[in-house]
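Next comes protein_6.txt, a file with compact mmCIF, C-alpha atoms and all ligand atoms.
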# COMPACT_ATOMS: atom_id res chain seq x y z
CA MET A 1 -9.81 -6.24 11.33
CA SER A 2 -9.40 -3.54 8.73
CA GLY A 3 -9.42 0.24 8.42
CA SER A 4 -6.87 2.78 7.34
CA SER A 5 -4.62 4.81 9.63
CA ALA A 6 -4.95 8.53 10.38
CA ALA A 7 -2.27 9.23 7.72
CA LEU A 8 -4.78 8.14 5.07
CA GLN A 9 -7.73 10.23 6.27
CA PRO A 10 -8.19 13.19 3.88
CA PRO A 11 -7.75 16.54 5.68
CA ALA A 12 -10.66 18.95 6.19
CA ASP A 13 -9.62 21.07 3.16
CA ALA A 14 -9.63 18.09 0.76
CA VAL A 15 -11.84 18.37 -2.32
CA LYS A 16 -13.63 15.88 -4.57
CA PRO A 17 -11.48 14.59 -7.45
CA VAL A 18 -12.20 15.95 -10.93
CA ARG A 19 -12.02 13.71 -13.97
CA HIS A 20 -9.81 15.38 -16.60
CA PRO A 21 -11.78 16.35 -19.74
CA ASP A 22 -9.28 14.39 -21.89
CA ALA A 23 -9.38 11.28 -19.70
CA PRO A 24 -9.89 8.01 -21.62
CA ALA A 25 -13.58 7.19 -22.15
CA PRO A 26 -15.27 4.75 -19.75
CA GLY A 27 -14.53 1.21 -20.90
CA GLU A 28 -11.31 2.16 -22.71
CA LEU A 29 -8.25 -0.01 -22.02
CA LEU A 30 -5.42 2.16 -20.72
CA GLY A 31 -2.48 0.08 -21.92
CA ALA A 32 0.87 -0.04 -20.13
CA HIS A 33 2.37 3.25 -18.95
CA TYR A 34 5.84 1.66 -19.36
CA GLY A 35 6.78 -1.65 -20.99
CA GLY A 36 9.23 -2.42 -18.17
CA CYS A 37 6.66 -1.93 -15.40
CA PHE A 38 6.33 -5.05 -13.21
CA GLY A 39 2.63 -4.25 -12.75
CA CYS A 40 1.45 -3.58 -16.30
CA GLY A 41 4.38 -3.78 -18.74
CA GLY A 42 4.47 -6.27 -21.58
CA ASP A 43 8.28 -6.62 -21.42
CA GLN A 44 8.33 -8.32 -18.01
CA PRO A 45 7.94 -12.09 -18.49
CA HIS A 46 7.03 -12.64 -14.81
CA GLY A 47 5.18 -9.34 -14.37
CA LEU A 48 1.48 -9.04 -13.55
CA HIS A 49 0.45 -7.85 -17.03
CA LEU A 50 -2.42 -6.09 -15.30
CA GLU A 51 -4.96 -4.63 -17.70
CA ALA A 52 -6.75 -1.51 -16.49
CA ARG A 53 -9.81 0.15 -17.98
CA ALA A 54 -11.19 3.62 -17.40
CA GLY A 55 -14.44 3.62 -15.45
CA GLU A 56 -17.01 6.35 -14.81
CA GLY A 57 -15.94 9.35 -12.75
CA VAL A 58 -12.49 8.85 -11.28
CA ARG A 59 -12.71 5.07 -11.18
CA ILE A 60 -10.70 2.27 -12.73
CA THR A 61 -11.31 -1.44 -13.14
CA ALA A 62 -8.52 -3.93 -13.78
CA GLU A 63 -7.85 -7.64 -14.05
CA PHE A 64 -4.85 -9.71 -13.14
CA THR A 65 -4.53 -13.51 -13.29
CA VAL A 66 -2.19 -15.02 -10.72
CA GLN A 67 0.57 -17.07 -12.38
CA ALA A 68 2.86 -19.75 -10.91
CA ALA A 69 5.67 -17.15 -10.83
CA HIS A 70 3.59 -15.12 -8.34
CA GLN A 71 3.44 -17.74 -5.57
CA GLY A 72 4.30 -17.17 -1.94
CA ALA A 73 3.01 -20.35 -0.29
CA PRO A 74 2.49 -23.41 -2.52
CA GLY A 75 -0.31 -22.66 -4.98
CA LEU A 76 -1.12 -19.28 -3.43
CA ALA A 77 -0.36 -15.73 -4.54
CA HIS A 78 2.38 -13.87 -2.66
CA GLY A 79 0.97 -11.01 -0.58
CA GLY A 80 3.49 -8.57 -2.05
CA VAL A 81 2.31 -9.44 -5.54
CA LEU A 82 -1.29 -8.79 -4.52
CA ALA A 83 -0.19 -5.46 -3.03
CA THR A 84 1.48 -4.70 -6.36
CA ALA A 85 -1.81 -5.38 -8.18
CA LEU A 86 -3.59 -2.95 -5.85
CA ASP A 87 -0.79 -0.36 -6.15
CA GLU A 88 -0.79 -0.58 -9.95
CA THR A 89 -4.58 -0.25 -10.16
CA LEU A 90 -4.51 2.74 -7.80
CA GLY A 91 -1.64 4.25 -9.83
CA SER A 92 -3.74 3.91 -12.99
CA LEU A 93 -6.22 6.40 -11.52
CA ASN A 94 -3.68 9.11 -12.36
CA TRP A 95 -4.62 8.65 -16.03
CA LEU A 96 -8.07 9.97 -15.23
CA LEU A 97 -6.73 12.97 -13.31
CA ARG A 98 -3.90 13.47 -15.84
CA THR A 99 -1.58 13.91 -12.89
CA VAL A 100 1.83 12.35 -12.45
CA ALA A 101 1.93 10.88 -8.95
CA VAL A 102 3.73 8.16 -7.03
CA THR A 103 2.65 6.00 -4.10
CA GLY A 104 3.55 7.61 -0.79
CA ARG A 105 1.64 5.17 1.41
CA LEU A 106 -0.22 1.94 0.74
CA GLU A 107 -2.18 0.10 3.45
CA THR A 108 -3.43 -3.35 2.52
CA ASP A 109 -5.85 -5.84 4.03
CA PHE A 110 -5.55 -9.47 2.93
CA LEU A 111 -8.95 -11.03 3.56
CA ARG A 112 -8.85 -14.32 1.61
CA PRO A 113 -6.07 -16.48 0.16
CA VAL A 114 -5.82 -16.15 -3.64
CA PRO A 115 -4.87 -19.38 -5.46
CA VAL A 116 -2.70 -19.52 -8.59
CA GLY A 117 -4.91 -19.34 -11.68
CA THR A 118 -7.38 -16.97 -10.01
CA THR A 119 -8.34 -13.79 -11.82
CA LEU A 120 -8.41 -10.87 -9.44
CA HIS A 121 -11.08 -8.29 -10.37
CA LEU A 122 -9.85 -4.94 -9.18
CA GLU A 123 -11.67 -1.67 -8.75
CA ALA A 124 -10.16 1.62 -7.58
CA GLU A 125 -11.43 5.11 -6.98
CA VAL A 126 -9.98 8.49 -5.98
CA VAL A 127 -11.90 9.68 -2.93
CA ALA A 128 -10.30 13.08 -2.30
CA VAL A 129 -7.52 15.44 -3.35
CA ALA A 130 -5.69 17.91 -1.11
CA GLY A 131 -3.03 19.91 -2.93
CA ARG A 132 -0.48 17.36 -4.18
CA LYS A 133 -2.04 14.56 -2.12
CA ILE A 134 -4.39 12.09 -3.78
CA TYR A 135 -6.40 9.76 -1.50
CA SER A 136 -7.69 6.58 -3.07
CA THR A 137 -9.07 3.16 -2.30
CA ALA A 138 -9.16 -0.21 -4.08
CA THR A 139 -10.61 -3.72 -3.79
CA GLY A 140 -9.70 -7.01 -5.45
CA ARG A 141 -12.49 -9.58 -5.79
CA VAL A 142 -12.36 -13.26 -6.69
CA GLY A 143 -14.85 -15.40 -8.62
CA GLY A 144 -16.03 -12.45 -10.74
CA PRO A 145 -16.42 -8.66 -10.52
CA ASP A 146 -19.17 -9.12 -7.89
CA GLY A 147 -17.42 -11.90 -5.97
CA PRO A 148 -16.10 -11.66 -2.43
CA VAL A 149 -13.34 -9.16 -1.62
CA ALA A 150 -9.99 -10.95 -1.22
CA VAL A 151 -7.76 -7.89 -0.85
CA ARG A 152 -8.30 -4.20 -0.35
CA ALA A 153 -6.14 -1.12 0.07
CA ASP A 154 -6.20 2.56 0.90
CA ALA A 155 -3.47 4.76 -0.47
CA LEU A 156 -1.96 8.19 -0.62
CA PHE A 157 -0.35 9.17 -3.90
CA VAL A 158 1.75 12.33 -4.06
CA GLU A 159 1.92 14.42 -7.23
CA VAL A 160 5.43 14.83 -8.61
CA LYS A 161 6.99 16.60 -11.58
CA ILE A 162 7.92 14.36 -14.49
CA ASP A 163 11.58 15.17 -13.61
CA HIS A 164 11.14 12.91 -10.54
CA PHE A 165 11.78 9.91 -12.78
CA ALA A 166 14.74 11.38 -14.68
CA GLN A 167 16.33 12.48 -11.40
CA HIS A 168 15.96 9.20 -9.55
CA GLY A 169 15.80 6.46 -12.20
CA ARG A 170 18.83 4.44 -13.32
CA PRO A 171 20.37 6.30 -16.28
CA GLN A 172 20.25 3.43 -18.78
CA GLU A 173 16.50 2.89 -18.43
CA ILE A 174 15.84 6.65 -18.43
CA ARG A 175 17.88 7.05 -21.65
CA ALA A 176 16.02 4.17 -23.32
CA ALA A 177 12.63 5.63 -22.27
CA MET A 178 13.57 9.07 -23.62
CA GLU A 179 14.56 7.53 -26.94
CA ASP A 180 11.19 5.77 -27.22
CA PRO A 181 8.72 8.09 -29.01
CA ASP A 182 5.67 6.26 -27.58
CA GLN A 183 6.98 6.65 -24.04
CA MET A 184 7.65 10.36 -24.56
CA ARG A 185 4.18 10.87 -26.06
CA ARG A 186 2.60 9.32 -22.94
CA ALA A 187 4.77 11.45 -20.63
CA ARG A 188 3.95 14.69 -22.52
CA ALA A 189 0.21 14.01 -22.35
CA PHE A 190 0.54 14.20 -18.57
CA GLU A 191 2.64 17.38 -18.58
CA VAL A 192 -0.19 19.41 -20.14
CA ASN A 193 -2.26 19.54 -16.97
CA PRO A 194 -4.34 22.72 -16.50
C1 LIG B 1 3.84 6.95 -13.51
C2 LIG B 1 2.99 6.21 -12.44
C3 LIG B 1 3.52 4.83 -12.07
C4 LIG B 1 2.57 4.12 -11.12
C5 LIG B 1 3.18 2.81 -10.65
C6 LIG B 1 2.49 2.28 -9.42
C7 LIG B 1 2.74 3.21 -8.27
C8 LIG B 1 4.13 3.06 -7.70
O1 LIG B 1 4.53 2.00 -7.30
S1 LIG B 1 5.12 4.45 -7.58
C9 LIG B 1 6.68 3.83 -6.87
C10 LIG B 1 6.71 3.74 -5.37
N1 LIG B 1 6.75 5.03 -4.76
C11 LIG B 1 7.90 5.77 -4.72
O2 LIG B 1 8.94 5.40 -5.22
C12 LIG B 1 7.80 7.10 -4.01
C13 LIG B 1 9.05 7.36 -3.15
N2 LIG B 1 8.83 8.53 -2.32
C14 LIG B 1 9.10 9.79 -2.78
O3 LIG B 1 9.63 9.96 -3.86
C15 LIG B 1 8.74 10.94 -1.89
O4 LIG B 1 8.70 10.53 -0.54
C16 LIG B 1 7.35 11.56 -2.28
C17 LIG B 1 7.38 12.09 -3.71
C18 LIG B 1 6.21 10.52 -2.12
C19 LIG B 1 7.03 12.72 -1.31
O5 LIG B 1 8.15 13.55 -1.24
P1 LIG B 1 8.06 15.14 -1.51
O6 LIG B 1 7.74 15.40 -2.93
O7 LIG B 1 9.31 15.72 -0.96
O8 LIG B 1 6.80 15.61 -0.69
P2 LIG B 1 6.60 15.79 0.87
O9 LIG B 1 6.66 17.26 1.14
O10 LIG B 1 7.46 14.86 1.68
O11 LIG B 1 5.09 15.26 1.01
C20 LIG B 1 4.01 15.95 0.40
C21 LIG B 1 2.81 15.72 1.29
O12 LIG B 1 2.51 14.31 1.29
C22 LIG B 1 2.58 13.77 2.63
N3 LIG B 1 3.22 12.47 2.58
C23 LIG B 1 4.29 12.10 1.86
N4 LIG B 1 4.58 10.80 2.10
C24 LIG B 1 3.65 10.35 2.97
C25 LIG B 1 3.42 9.09 3.60
N5 LIG B 1 4.20 8.03 3.37
N6 LIG B 1 2.37 8.99 4.45
C26 LIG B 1 1.56 10.07 4.71
N7 LIG B 1 1.74 11.29 4.13
C27 LIG B 1 2.77 11.42 3.29
C28 LIG B 1 3.44 14.76 3.40
O13 LIG B 1 3.14 14.71 4.78
C29 LIG B 1 3.07 16.08 2.77
O14 LIG B 1 1.84 16.52 3.30
P3 LIG B 1 1.53 18.10 3.54
O15 LIG B 1 1.55 18.71 2.15
O16 LIG B 1 0.20 18.12 4.16
O17 LIG B 1 2.64 18.61 4.39

Could the structure of this file be written out as structure tokens, please?
Amino acid sequence: MSGSSAALQPPADAVKPVRHPDAPAPGELLGAHYGGCFGCGGDQPHGLHLEARAGEGVRITAEFTVQAAHQGAPGLAHGGVLATALDETLGSLNWLLRTVAVTGRLETDFLRPVPVGTTLHLEAEVVAVAGRKIYSTATGRVGGPDGPVAVRADALFVEVKIDHFAQHGRPQEIRAAMEDPDQMRRARAFEVNP
């Protein structure tokens, strides 16, 4: 059984998402939004090291290969790790909208077990926007980009000001991020949102 709850149905006044004119070109690798991110950062030895690419419209594709550190049952990916892969891919859609947003709700269906060593082929798309609310959906396939769907998710992201992170993050990581010119450049690119 699958299907998202009423909380993830876009309201009647929702509109179609609009790709930002400065969004990365289709096919372009996005790179990590933060080196310490468990989903995409290069500084996390046991992280997912998920690599996301801009697609057409407001779509993203991504890949993640399940490592031994990601097991739940013997030889199988942990469900929470698979949810992280979906969450990270959905979060990457914000690059195409040039909006800073965080996950408010994530509903996941686990349809097939995913063994260690498997590459999960992820695809995500924004389906609607209503004010600060961004409604999106994602799938993760195994055996190739056209293989069977192993996991899927629907999500609601909520737009926040960049201050959200400075207000709530642990001071030492916030300080380090603010001292990193690359990190600040990425954050500023999102602030200039018409
Ligand atoms: C930089 C990008 C990184 C991407 C990394 C991958 C994504 C992540 O994992 S992000 C980390 C996980 N998420 C978080 O930490 C978020 C924690 N939550 C929060 O900070 C807040 O609850 C937040 C910002 C989502 C909403 O709070 P706030 O800004 O006060 O807005 P609020 O007024 O409550 O909600 C705004 C709208 O969203 C709706 N909404 C908020 N949360 C939910 C929810 N869980 N379910 C349904 N609707 C919701 C509200 O009903 C409201 O709707 P309406 O405008 O119609 O009344």

Counting all atoms listed in the file, which residues come within 7 Å of (-13.2, 13.1, -0.9), with the point read in the file's coordinates, and could you list them as a PyMOL selection string? chain A and resi 10+14-17+127-129

Within-9 Å residues of ligand LIG 1 (chain B), basis all atoms listed in the file, as a PDB file with C-alpha atoms, in the frame of the given file:
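Printed below is out.pdb as written:
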ATOM      1  CA  ALA A   6      -4.950   8.530  10.380  1.00  0.00           C
ATOM      2  CA  ALA A   7      -2.270   9.230   7.720  1.00  0.00           C
ATOM      3  CA  LEU A   8      -4.780   8.140   5.070  1.00  0.00           C
ATOM      4  CA  PRO A  11      -7.750  16.540   5.680  1.00  0.00           C
ATOM      5  CA  HIS A  33       2.370   3.250 -18.950  1.00  0.00           C
ATOM      6  CA  TYR A  34       5.840   1.660 -19.360  1.00  0.00           C
ATOM      7  CA  CYS A  37       6.660  -1.930 -15.400  1.00  0.00           C
ATOM      8  CA  PHE A  38       6.330  -5.050 -13.210  1.00  0.00           C
ATOM      9  CA  GLY A  39       2.630  -4.250 -12.750  1.00  0.00           C
ATOM     10  CA  CYS A  40       1.450  -3.580 -16.300  1.00  0.00           C
ATOM     11  CA  THR A  84       1.480  -4.700  -6.360  1.00  0.00           C
ATOM     12  CA  ALA A  85      -1.810  -5.380  -8.180  1.00  0.00           C
ATOM     13  CA  LEU A  86      -3.590  -2.950  -5.850  1.00  0.00           C
ATOM     14  CA  ASP A  87      -0.790  -0.360  -6.150  1.00  0.00           C
ATOM     15  CA  GLU A  88      -0.790  -0.580  -9.950  1.00  0.00           C
ATOM     16  CA  THR A  89      -4.580  -0.250 -10.160  1.00  0.00           C
ATOM     17  CA  LEU A  90      -4.510   2.740  -7.800  1.00  0.00           C
ATOM     18  CA  GLY A  91      -1.640   4.250  -9.830  1.00  0.00           C
ATOM     19  CA  SER A  92      -3.740   3.910 -12.990  1.00  0.00           C
ATOM     20  CA  ASN A  94      -3.680   9.110 -12.360  1.00  0.00           C
ATOM     21  CA  TRP A  95      -4.620   8.650 -16.030  1.00  0.00           C
ATOM     22  CA  THR A  99      -1.580  13.910 -12.890  1.00  0.00           C
ATOM     23  CA  VAL A 100       1.830  12.350 -12.450  1.00  0.00           C
ATOM     24  CA  ALA A 101       1.930  10.880  -8.950  1.00  0.00           C
ATOM     25  CA  VAL A 102       3.730   8.160  -7.030  1.00  0.00           C
ATOM     26  CA  THR A 103       2.650   6.000  -4.100  1.00  0.00           C
ATOM     27  CA  GLY A 104       3.550   7.610  -0.790  1.00  0.00           C
ATOM     28  CA  ARG A 105       1.640   5.170   1.410  1.00  0.00           C
ATOM     29  CA  LEU A 106      -0.220   1.940   0.740  1.00  0.00           C
ATOM     30  CA  ALA A 130      -5.690  17.910  -1.110  1.00  0.00           C
ATOM     31  CA  GLY A 131      -3.030  19.910  -2.930  1.00  0.00           C
ATOM     32  CA  ARG A 132      -0.480  17.360  -4.180  1.00  0.00           C
ATOM     33  CA  LYS A 133      -2.040  14.560  -2.120  1.00  0.00           C
ATOM     34  CA  ILE A 134      -4.390  12.090  -3.780  1.00  0.00           C
ATOM     35  CA  ALA A 155      -3.470   4.760  -0.470  1.00  0.00           C
ATOM     36  CA  LEU A 156      -1.960   8.190  -0.620  1.00  0.00           C
ATOM     37  CA  PHE A 157      -0.350   9.170  -3.900  1.00  0.00           C
ATOM     38  CA  VAL A 158       1.750  12.330  -4.060  1.00  0.00           C
ATOM     39  CA  GLU A 159       1.920  14.420  -7.230  1.00  0.00           C
ATOM     40  CA  VAL A 160       5.430  14.830  -8.610  1.00  0.00           C
ATOM     41  CA  LYS A 161       6.990  16.600 -11.580  1.00  0.00           C
ATOM     42  CA  ILE A 162       7.920  14.360 -14.490  1.00  0.00           C
ATOM     43  CA  HIS A 164      11.140  12.910 -10.540  1.00  0.00           C
ATOM     44  CA  PHE A 165      11.780   9.910 -12.780  1.00  0.00           C
ATOM     45  CA  HIS A 168      15.960   9.200  -9.550  1.00  0.00           C
ATOM     46  CA  ALA A 187       4.770  11.450 -20.630  1.00  0.00           C
TER      47      ALA A 187
END

Nearest to Met178 (chain A) by atom-to-atom distance, counting all atoms listed in the file, from A:Gln67, A:Arg112, A:Ala166, A:Leu93: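 Closest residue, counting all atoms listed in the file: A:Ala166.
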
Which residues come within 12 Å of Val116 (chain A), counting all atoms listed in the file, excluding same-chain residues fewer than 6 positions away, as an MDAnalysis selection string? chainID A and resid 64:78 81:82 142

Quick one: everything within 10 Å of Pro21 (chain A), counting all atoms listed in the file, minus sequence neighbours fewer than 6 positions away in the same chain. Send it as a PDB file with C-alpha atoms, keeping the file's coordinate frame.
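The result, written out as part.pdb:
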ATOM      1  CA  LEU A  96      -8.070   9.970 -15.230  1.00  0.00           C
ATOM      2  CA  LEU A  97      -6.730  12.970 -13.310  1.00  0.00           C
ATOM      3  CA  ARG A  98      -3.900  13.470 -15.840  1.00  0.00           C
TER       4      ARG A  98
END

For region 58-60 of chain A: contacts at 6 Å, all atoms listed in the file, fewer than 2 positions along chain excluded, given as an NGL selection string: :A and (19 or 53-56 or 123-126)

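Reported to one decimal place, the separation of CA of Thr139 (chain A) from CA of Ala153 (chain A) is 6.5 Å.
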
Quick one: pull the distance between CA of Val114 (chain A) and CA of Pro148 (chain A), Å, one decimal.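 Those two atoms sit 11.3 Å apart.
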
As an exercise, work out the distance from CA of Val149 (chain A) to CA of Gln9 (chain A) in Å and give it to one decimal place.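 We find that CA of Val149 (chain A) and CA of Gln9 (chain A) lie 21.7 Å from each other.
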
Can you sort out region 27-60 of chain A so it carries N, CA and C atoms, written as a compact mmCIF listing (two decimals), in the frame of the given file?
# COMPACT_ATOMS: atom_id res chain seq x y z
N GLY A 27 -14.62 2.46 -20.15
CA GLY A 27 -14.53 1.21 -20.90
C GLY A 27 -13.24 1.07 -21.70
N GLU A 28 -12.53 2.19 -21.89
CA GLU A 28 -11.31 2.16 -22.71
C GLU A 28 -10.15 1.50 -21.94
N LEU A 29 -9.44 0.60 -22.63
CA LEU A 29 -8.25 -0.01 -22.02
C LEU A 29 -7.15 1.03 -21.96
N LEU A 30 -6.44 1.12 -20.85
CA LEU A 30 -5.42 2.16 -20.72
C LEU A 30 -4.10 1.78 -21.38
N GLY A 31 -3.78 0.50 -21.39
CA GLY A 31 -2.48 0.08 -21.92
C GLY A 31 -1.40 0.37 -20.88
N ALA A 32 -0.22 -0.20 -21.10
CA ALA A 32 0.87 -0.04 -20.13
C ALA A 32 1.41 1.39 -20.16
N HIS A 33 1.74 1.93 -18.96
CA HIS A 33 2.37 3.25 -18.95
C HIS A 33 3.85 3.14 -19.24
N TYR A 34 4.42 1.90 -19.09
CA TYR A 34 5.84 1.66 -19.36
C TYR A 34 6.01 0.16 -19.56
N GLY A 35 6.63 -0.23 -20.67
CA GLY A 35 6.78 -1.65 -20.99
C GLY A 35 7.53 -2.43 -19.91
N GLY A 36 8.43 -1.75 -19.19
CA GLY A 36 9.23 -2.42 -18.17
C GLY A 36 8.56 -2.47 -16.81
N CYS A 37 7.34 -1.96 -16.71
CA CYS A 37 6.66 -1.93 -15.40
C CYS A 37 6.29 -3.36 -14.97
N PHE A 38 6.64 -3.72 -13.74
CA PHE A 38 6.33 -5.05 -13.21
C PHE A 38 4.81 -5.24 -13.09
N GLY A 39 4.08 -4.15 -12.91
CA GLY A 39 2.63 -4.25 -12.75
C GLY A 39 1.90 -4.43 -14.08
N CYS A 40 2.26 -3.59 -15.07
CA CYS A 40 1.45 -3.58 -16.30
C CYS A 40 2.25 -3.79 -17.59
N GLY A 41 3.58 -3.77 -17.51
CA GLY A 41 4.38 -3.78 -18.74
C GLY A 41 4.39 -5.13 -19.46
N GLY A 42 4.44 -5.05 -20.78
CA GLY A 42 4.47 -6.27 -21.58
C GLY A 42 5.86 -6.87 -21.68
N ASP A 43 6.90 -6.13 -21.25
CA ASP A 43 8.28 -6.62 -21.42
C ASP A 43 8.79 -7.38 -20.20
N GLN A 44 7.92 -7.60 -19.23
CA GLN A 44 8.33 -8.32 -18.01
C GLN A 44 7.71 -9.70 -18.02
N PRO A 45 8.53 -10.74 -18.34
CA PRO A 45 7.94 -12.09 -18.49
C PRO A 45 7.19 -12.55 -17.23
N HIS A 46 7.69 -12.18 -16.03
CA HIS A 46 7.03 -12.64 -14.81
C HIS A 46 6.18 -11.54 -14.17
N GLY A 47 5.97 -10.45 -14.90
CA GLY A 47 5.18 -9.34 -14.37
C GLY A 47 3.71 -9.71 -14.26
N LEU A 48 2.90 -8.77 -13.77
CA LEU A 48 1.48 -9.04 -13.55
C LEU A 48 0.65 -8.87 -14.82
N HIS A 49 1.16 -8.11 -15.78
CA HIS A 49 0.45 -7.85 -17.03
C HIS A 49 -0.99 -7.40 -16.74
N LEU A 50 -1.09 -6.57 -15.72
CA LEU A 50 -2.42 -6.09 -15.30
C LEU A 50 -3.01 -5.19 -16.39
N GLU A 51 -4.27 -5.42 -16.67
CA GLU A 51 -4.96 -4.63 -17.70
C GLU A 51 -6.01 -3.75 -17.03
N ALA A 52 -5.83 -2.45 -17.15
CA ALA A 52 -6.75 -1.51 -16.49
C ALA A 52 -7.61 -0.80 -17.53
N ARG A 53 -8.83 -0.55 -17.14
CA ARG A 53 -9.81 0.15 -17.98
C ARG A 53 -10.36 1.35 -17.25
N ALA A 54 -10.56 2.43 -18.00
CA ALA A 54 -11.19 3.62 -17.40
C ALA A 54 -12.62 3.26 -17.02
N GLY A 55 -13.04 3.76 -15.87
CA GLY A 55 -14.44 3.62 -15.45
C GLY A 55 -15.13 4.97 -15.53
N GLU A 56 -16.30 5.06 -14.91
CA GLU A 56 -17.01 6.35 -14.81
C GLU A 56 -16.34 7.18 -13.72
N GLY A 57 -16.50 8.48 -13.79
CA GLY A 57 -15.94 9.35 -12.75
C GLY A 57 -14.44 9.17 -12.65
N VAL A 58 -13.94 9.09 -11.44
CA VAL A 58 -12.49 8.85 -11.28
C VAL A 58 -12.32 7.45 -10.71
N ARG A 59 -12.75 6.49 -11.56
CA ARG A 59 -12.71 5.07 -11.18
C ARG A 59 -12.03 4.26 -12.28
N ILE A 60 -11.42 3.18 -11.83
CA ILE A 60 -10.70 2.27 -12.73
C ILE A 60 -11.12 0.85 -12.40
